[in-house]
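**Student:** Below are the structure tokens for one structure; questions will follow.
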Amino acid sequence: MIETDVVAIGSGAAGLTAAITARQLGLEALVVEKTALFGGTTAYSGGAPWIPCNHVMKQIGLDDSRAAAETYLHAVLGEAYDNELVASYLDNAAAMLQFMERHSAVRFKPFQLPDYESDLPGAAKSRSLLTQEFDGRLLGPRLADLRMPLPQLMLFGSMQIEGADIHPMRHALKTWAGFKHTAKVMRRFVFDKIRHGRGTRLVNGNALAARLFHSAVQAGVTLWRNTPAIELIVENGGVRGVIVERDGQRIEVRARLGVLLATGGYGANAQWRAKYIPFAEHHHSLQPDGNVGDGIRLGLAAGAVHDPAHAGDCIWTPVSVLRQPDGSIVKYPHIFIDRAMPGCIVVGPDGRRFVNEGTSYQTFVGTMHRLSITTAHLIADRSFLRTYGLGLARPAPFSPAALIRAGYLIEAPTLDELARRIGVVPARLQATVIEFNEGATRGEDPEFGKGTDAHSRFRGDQTHRPNPSIAPIGDGPYYAIAIHPGDLSTVGGLETNGRAQVLDATGWPIRGLYAAGLDMNSMMRGRYPGGGSSIGPAMTFGYIAAREMAKASAKVDPRQLAERH
């Protein structure tokens with residue numbers, strides 16, 4: 001048996017934030033990670049927490065207010081608005097951000113991304129923040145212990161690309177600024193490849209996971225990998241620790257102050273997906289293989305509640321799939337890079353458009369669910385493909401030939417032939433393109449308003465006029481990619497209160513048991529106010545959980561807990 005103050009089960013943003021907070025308050029903290037790699041779903045993510053009233057936006061002259069954030073969340077969440085959870089989040093999110101920037105290597109930069117429901121009252125810009133890039137060399141040999149991003153979202157196997165790289169790289173052969181930026185990124189990657197065998201410039205969610213991991217190491221958090229949690233130790237109605245398996249042996253870990261469940265939800269659990277996810281047989285998840293609901297399972301055994309009304313809540317995204325010769329599949333999330341750009345459309349099985357292509361990934365797939373669409377097609381011409389790319393098909397100078405041969409990218413000389421190849425009535429697709437082009441030549445989308453809302457306009461090509469998101473579809477050849485409903489993660493975890501305490505069936509806290517991240521039933525209840533609406537709460541409720549545990553410890557000076565930032 002071993003004993004510590006705090007145990008976090010899972011090493012994503014929630015678990016690592018909680019462990020770092022605990023250590024900075026003077027507590028002992030242990031993180032147990034089931035897999036060989038640290039970082040969880042966070043390492044795959046965009047790494048942009050949604051934090052109202054954050055101090056970082058002030059760097060670019062923006063401001064926010066609690067009243068505006070409350071108004072916006074009321075508008076987005078509607079009847080799902082939970083006063084206690086929202087109040088706790090707004091009380092602590094900005095304070096968590098300042099705490100982490102003061103006591104860890106976590107750093108963010110402002111990003112003028114509008115909230116996703118930008119037409120609703122209270123919406124603002126720069127509540128979503130970007131993680132500053134991180135030099136993976138600072139981790140030394142422990143870089144190998146960090147989960148890498150999805151390979152399909154990198155170049156040349158391990159070259160990570162952030163949003164700010166995309167425009168200059170597209171213009172590398174067109175502008176001097178684009179060439180300089182691309183050359184700088186490529187030079188760093190080549191040197192890294194020679195010296196380290198991989199890229200070490202980490203961006204997006206991988207940078208956030210690395211910053212948290214590095215901070216945990218520096219703070220003296222004990223980090224165990226390849227250590228699954230088997231069962232919670234429950235005594236006298238409270239959780240006293242956890243039994244884990246390490247090096248083939250079961251170890252009893254006693255937690256003096258509490259256990260945090262932060263295992264990352266159940267996205268890789270086929271049985272639970274079939275039970276909770278709409279159209280599960282057509283649905284694709286991008287979560288790591290280890291995310292099979294361990295935290296939820298452990299909590300249920302201790303008397304927790306997994307609310308069926310929200311168990312199937314996810315962060316949705318449209319996904320295209322490349323089937324490889326060995327039977328494996330590569331899944332590509334169409335978050336915004338292609339479908340938000342000018343000169344493409346998405347059509348359903350009837351050959352008609354059904355959504356603003358530049359809308360948030362949450363709304364996009366939510367619309368697919370509502371209309372029972374399990375396969376749609378993203379369509380563009382050769383000019384679009386060469387400029388922006390389509391899914392796994394990179395823009396010029398990359399060749400799409402292999403993806404065409406594999407059947408992932410469908411090519412046809414005419415719209416009629418393209419329609420036949422994707423199973424759509426040719427006359428209907430022709431009519432759809434004619435209708436779309438009629439408005440697009442003026443930079444307008446009368447049917448769905450692409451580029452008229454602040455979010456889809458921001459996601460478009462800012463060098464394109466008059467509408468960054470709208471351009472007519474030109475002459476052939478034409479290309480199509482099949483897209484399906486998918487998810488970036490599940491968010492329907494266990495019921496908690498505003499102090500991150502897991503609740504039992506009577507609504508009473510289970511003593512010593514906390515949940516955050518994807519193991520906590522999201523305060524957003526399946527809605528999605530803006531980019532990072534899972535990472536922001538994950539970090540914040542991990543921070544809250546650590547502080548709640550610290551209240552019961554004589555090691556912690558109460559004045560530390562009284563500090564708000």
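As shown in the structure tokens, the chain order sets the letters A, B, ...; within each chain, residues go from 1, and ligands are also counted from 1 in the order they appear.
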Which segment 251-296 of chain A residues have any atom within 9 Å of an atom of segment 467-484 of chain A, and for each, what is the nearest pair of atoms with distance in Å to one decimal, counting only C-alpha atoms, rows sorted by chain and number, as CSV?
**Tutor:**
```
residue,atom,partner,partner_atom,distance
A:His282,CA,A:His484,CA,6.9
A:His283,CA,A:His484,CA,6.6
A:His284,CA,A:His484,CA,7.6
```
**Student:** Residues of the last selection are to be written out with N, CA and C atoms, as a tab-separated table (two decimals), in the first residue's frame.
**Tutor:**
```tsv
chain	number	residue	atom	x	y	z
A	282	HIS	N	-22.87	4.34	-38.10
A	282	HIS	CA	-22.31	5.21	-39.15
A	282	HIS	C	-21.36	6.26	-38.57
A	283	HIS	N	-21.18	6.22	-37.27
A	283	HIS	CA	-20.50	7.29	-36.54
A	283	HIS	C	-19.03	6.94	-36.31
A	284	HIS	N	-18.18	7.95	-36.30
A	284	HIS	CA	-16.74	7.73	-36.11
A	284	HIS	C	-16.21	8.64	-35.00
```
**Student:** Given only C-alpha atoms, how would the per-residue table for segment 395-495 of chain A near segment 535-546 of chain A read, listing every residue at most 12 Å away with its closest atom pair and distance in Å to one decimal, sorted by chain and number, as JSON lines?
**Tutor:**
```
{"residue": "A:Leu488", "atom": "CA", "partner": "A:Ile535", "partner_atom": "CA", "distance": 11.9}
{"residue": "A:Ser489", "atom": "CA", "partner": "A:Ile535", "partner_atom": "CA", "distance": 11.0}
{"residue": "A:Val491", "atom": "CA", "partner": "A:Ala538", "partner_atom": "CA", "distance": 10.3}
{"residue": "A:Gly493", "atom": "CA", "partner": "A:Ala538", "partner_atom": "CA", "distance": 11.8}
```
**Student:** Write the selection just made, keeping C-alpha atoms, as a PDB file, in the first residue's frame?
**Tutor:**
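Wrote again-v3.pdb, looks like this:
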```
ATOM      1  CA  LEU A 488     -14.019  14.560 -31.070  1.00  0.00           C
ATOM      2  CA  SER A 489     -15.032  13.271 -27.639  1.00  0.00           C
ATOM      3  CA  VAL A 491     -18.890  14.734 -22.736  1.00  0.00           C
ATOM      4  CA  GLY A 493     -20.043  11.889 -17.766  1.00  0.00           C
TER       5      GLY A 493
END
```
**Student:** Counting only C-alpha atoms, which residue out of A:Thr414, A:Thr375, A:Gln98, A:Thr222 sits closest to Ala29 of chain A?
**Tutor:** A:Thr222
**Student:** Pull the closest atom pair for each residue of segment 449-496 of chain A that gets at most 12 Å from segment 99-116 of chain A, along with the distance in Å to one decimal, counting only C-alpha atoms, ordering rows by chain and then ascending residue number, as a Markdown table.
**Tutor:**
```
| residue | atom | partner | partner_atom | distance |
| --- | --- | --- | --- | --- |
| A:Asp453 | CA | A:Tyr116 | CA | 9.4 |
| A:Ala454 | CA | A:Pro114 | CA | 6.4 |
| A:His455 | CA | A:Pro114 | CA | 5.5 |
| A:Ser456 | CA | A:Tyr116 | CA | 8.6 |
| A:Arg457 | CA | A:Pro114 | CA | 9.6 |
| A:Phe458 | CA | A:Leu113 | CA | 6.9 |
| A:Arg459 | CA | A:Leu113 | CA | 8.3 |
| A:Gly460 | CA | A:Leu113 | CA | 11.6 |
```
**Student:** Export N, CA and C atoms of the chosen residues as a short mmCIF file (atom, residue, chain, number, x, y, z; two decimals), in the first residue's frame?
**Tutor:**
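Printed below is again.cif as written:
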```
data_model
loop_
_atom_site.label_atom_id
_atom_site.label_comp_id
_atom_site.auth_asym_id
_atom_site.auth_seq_id
_atom_site.Cartn_x
_atom_site.Cartn_y
_atom_site.Cartn_z
N ASP A 453 -22.74 35.28 -40.82
CA ASP A 453 -22.52 35.24 -39.37
C ASP A 453 -21.03 35.42 -39.09
N ALA A 454 -20.73 35.96 -37.91
CA ALA A 454 -19.33 36.29 -37.58
C ALA A 454 -18.45 35.06 -37.56
N HIS A 455 -18.98 33.91 -37.11
CA HIS A 455 -18.13 32.72 -36.99
C HIS A 455 -17.71 32.18 -38.35
N SER A 456 -18.68 31.92 -39.25
CA SER A 456 -18.29 31.35 -40.54
C SER A 456 -17.48 32.34 -41.37
N ARG A 457 -17.74 33.63 -41.18
CA ARG A 457 -16.95 34.64 -41.88
C ARG A 457 -15.51 34.61 -41.40
N PHE A 458 -15.31 34.46 -40.10
CA PHE A 458 -13.95 34.40 -39.54
C PHE A 458 -13.22 33.17 -40.04
N ARG A 459 -13.91 32.05 -40.17
CA ARG A 459 -13.26 30.80 -40.56
C ARG A 459 -12.88 30.76 -42.04
N GLY A 460 -13.37 31.69 -42.84
CA GLY A 460 -13.10 31.68 -44.27
C GLY A 460 -11.72 32.21 -44.62
#
```
**Student:** Which residues, written as an MDAnalysis selection string, have at least one atom at most 9 Å from segment 146-149 of chain A, with only C-alpha atoms counted and residues fewer than 3 positions away on the same chain left out?
**Tutor:** chainID A and resid 36:41 43:45 142:143 152:154 158 160 205:206 209:210 213
**Student:** Name all residues at most 12 Å from Arg137 of chain A (count only C-alpha atoms; drop same-chain ones fewer than 6 positions away) and give them as a PDB file with N, CA and C atoms, in the first residue's frame.
**Tutor:**
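Writing the result to selection_5.pdb gives the following:
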```pdb
ATOM      1  N   LEU A 143       9.819  13.329 -23.737  1.00  0.00           N
ATOM      2  CA  LEU A 143       9.019  13.654 -24.919  1.00  0.00           C
ATOM      3  C   LEU A 143       8.387  12.394 -25.498  1.00  0.00           C
ATOM      4  N   ALA A 144       9.087  11.265 -25.386  1.00  0.00           N
ATOM      5  CA  ALA A 144       8.576   9.994 -25.907  1.00  0.00           C
ATOM      6  C   ALA A 144       7.367   9.504 -25.112  1.00  0.00           C
ATOM      7  N   LEU A 146       4.860  11.477 -24.239  1.00  0.00           N
ATOM      8  CA  LEU A 146       3.726  12.350 -24.548  1.00  0.00           C
ATOM      9  C   LEU A 146       2.990  11.830 -25.779  1.00  0.00           C
ATOM     10  N   ASP A 192      15.123  19.130 -36.591  1.00  0.00           N
ATOM     11  CA  ASP A 192      14.557  18.238 -35.567  1.00  0.00           C
ATOM     12  C   ASP A 192      14.594  16.788 -36.021  1.00  0.00           C
ATOM     13  N   ARG A 195      18.148  15.474 -35.780  1.00  0.00           N
ATOM     14  CA  ARG A 195      18.689  15.357 -34.425  1.00  0.00           C
ATOM     15  C   ARG A 195      17.841  14.477 -33.504  1.00  0.00           C
ATOM     16  N   HIS A 196      16.516  14.518 -33.703  1.00  0.00           N
ATOM     17  CA  HIS A 196      15.622  13.853 -32.750  1.00  0.00           C
ATOM     18  C   HIS A 196      14.727  12.788 -33.379  1.00  0.00           C
ATOM     19  N   GLY A 197      14.778  12.688 -34.703  1.00  0.00           N
ATOM     20  CA  GLY A 197      13.977  11.680 -35.376  1.00  0.00           C
ATOM     21  C   GLY A 197      12.521  12.046 -35.528  1.00  0.00           C
ATOM     22  N   ARG A 198      12.143  13.261 -35.124  1.00  0.00           N
ATOM     23  CA  ARG A 198      10.747  13.708 -35.201  1.00  0.00           C
ATOM     24  C   ARG A 198      10.703  15.223 -34.999  1.00  0.00           C
ATOM     25  N   GLY A 199       9.561  15.827 -35.322  1.00  0.00           N
ATOM     26  CA  GLY A 199       9.385  17.241 -35.051  1.00  0.00           C
ATOM     27  C   GLY A 199       9.246  17.496 -33.558  1.00  0.00           C
ATOM     28  N   THR A 200       9.821  18.604 -33.085  1.00  0.00           N
ATOM     29  CA  THR A 200       9.715  18.943 -31.665  1.00  0.00           C
ATOM     30  C   THR A 200       9.020  20.278 -31.444  1.00  0.00           C
ATOM     31  N   ARG A 201       8.590  20.914 -32.513  1.00  0.00           N
ATOM     32  CA  ARG A 201       7.765  22.122 -32.370  1.00  0.00           C
ATOM     33  C   ARG A 201       6.330  21.657 -32.139  1.00  0.00           C
ATOM     34  N   LEU A 202       5.832  21.864 -30.934  1.00  0.00           N
ATOM     35  CA  LEU A 202       4.510  21.370 -30.561  1.00  0.00           C
ATOM     36  C   LEU A 202       3.517  22.524 -30.535  1.00  0.00           C
ATOM     37  N   ALA A 207       0.655  21.053 -27.671  1.00  0.00           N
ATOM     38  CA  ALA A 207       1.423  22.018 -26.880  1.00  0.00           C
ATOM     39  C   ALA A 207       0.825  22.157 -25.487  1.00  0.00           C
ATOM     40  N   ALA A 210       1.705  19.077 -23.544  1.00  0.00           N
ATOM     41  CA  ALA A 210       3.137  19.109 -23.223  1.00  0.00           C
ATOM     42  C   ALA A 210       3.428  20.102 -22.110  1.00  0.00           C
ATOM     43  N   ARG A 211       2.808  21.265 -22.168  1.00  0.00           N
ATOM     44  CA  ARG A 211       3.011  22.276 -21.128  1.00  0.00           C
ATOM     45  C   ARG A 211       2.516  21.772 -19.776  1.00  0.00           C
ATOM     46  N   HIS A 214       4.959  18.865 -18.706  1.00  0.00           N
ATOM     47  CA  HIS A 214       6.226  19.453 -18.262  1.00  0.00           C
ATOM     48  C   HIS A 214       6.053  20.109 -16.893  1.00  0.00           C
TER      49      HIS A 214
END
```
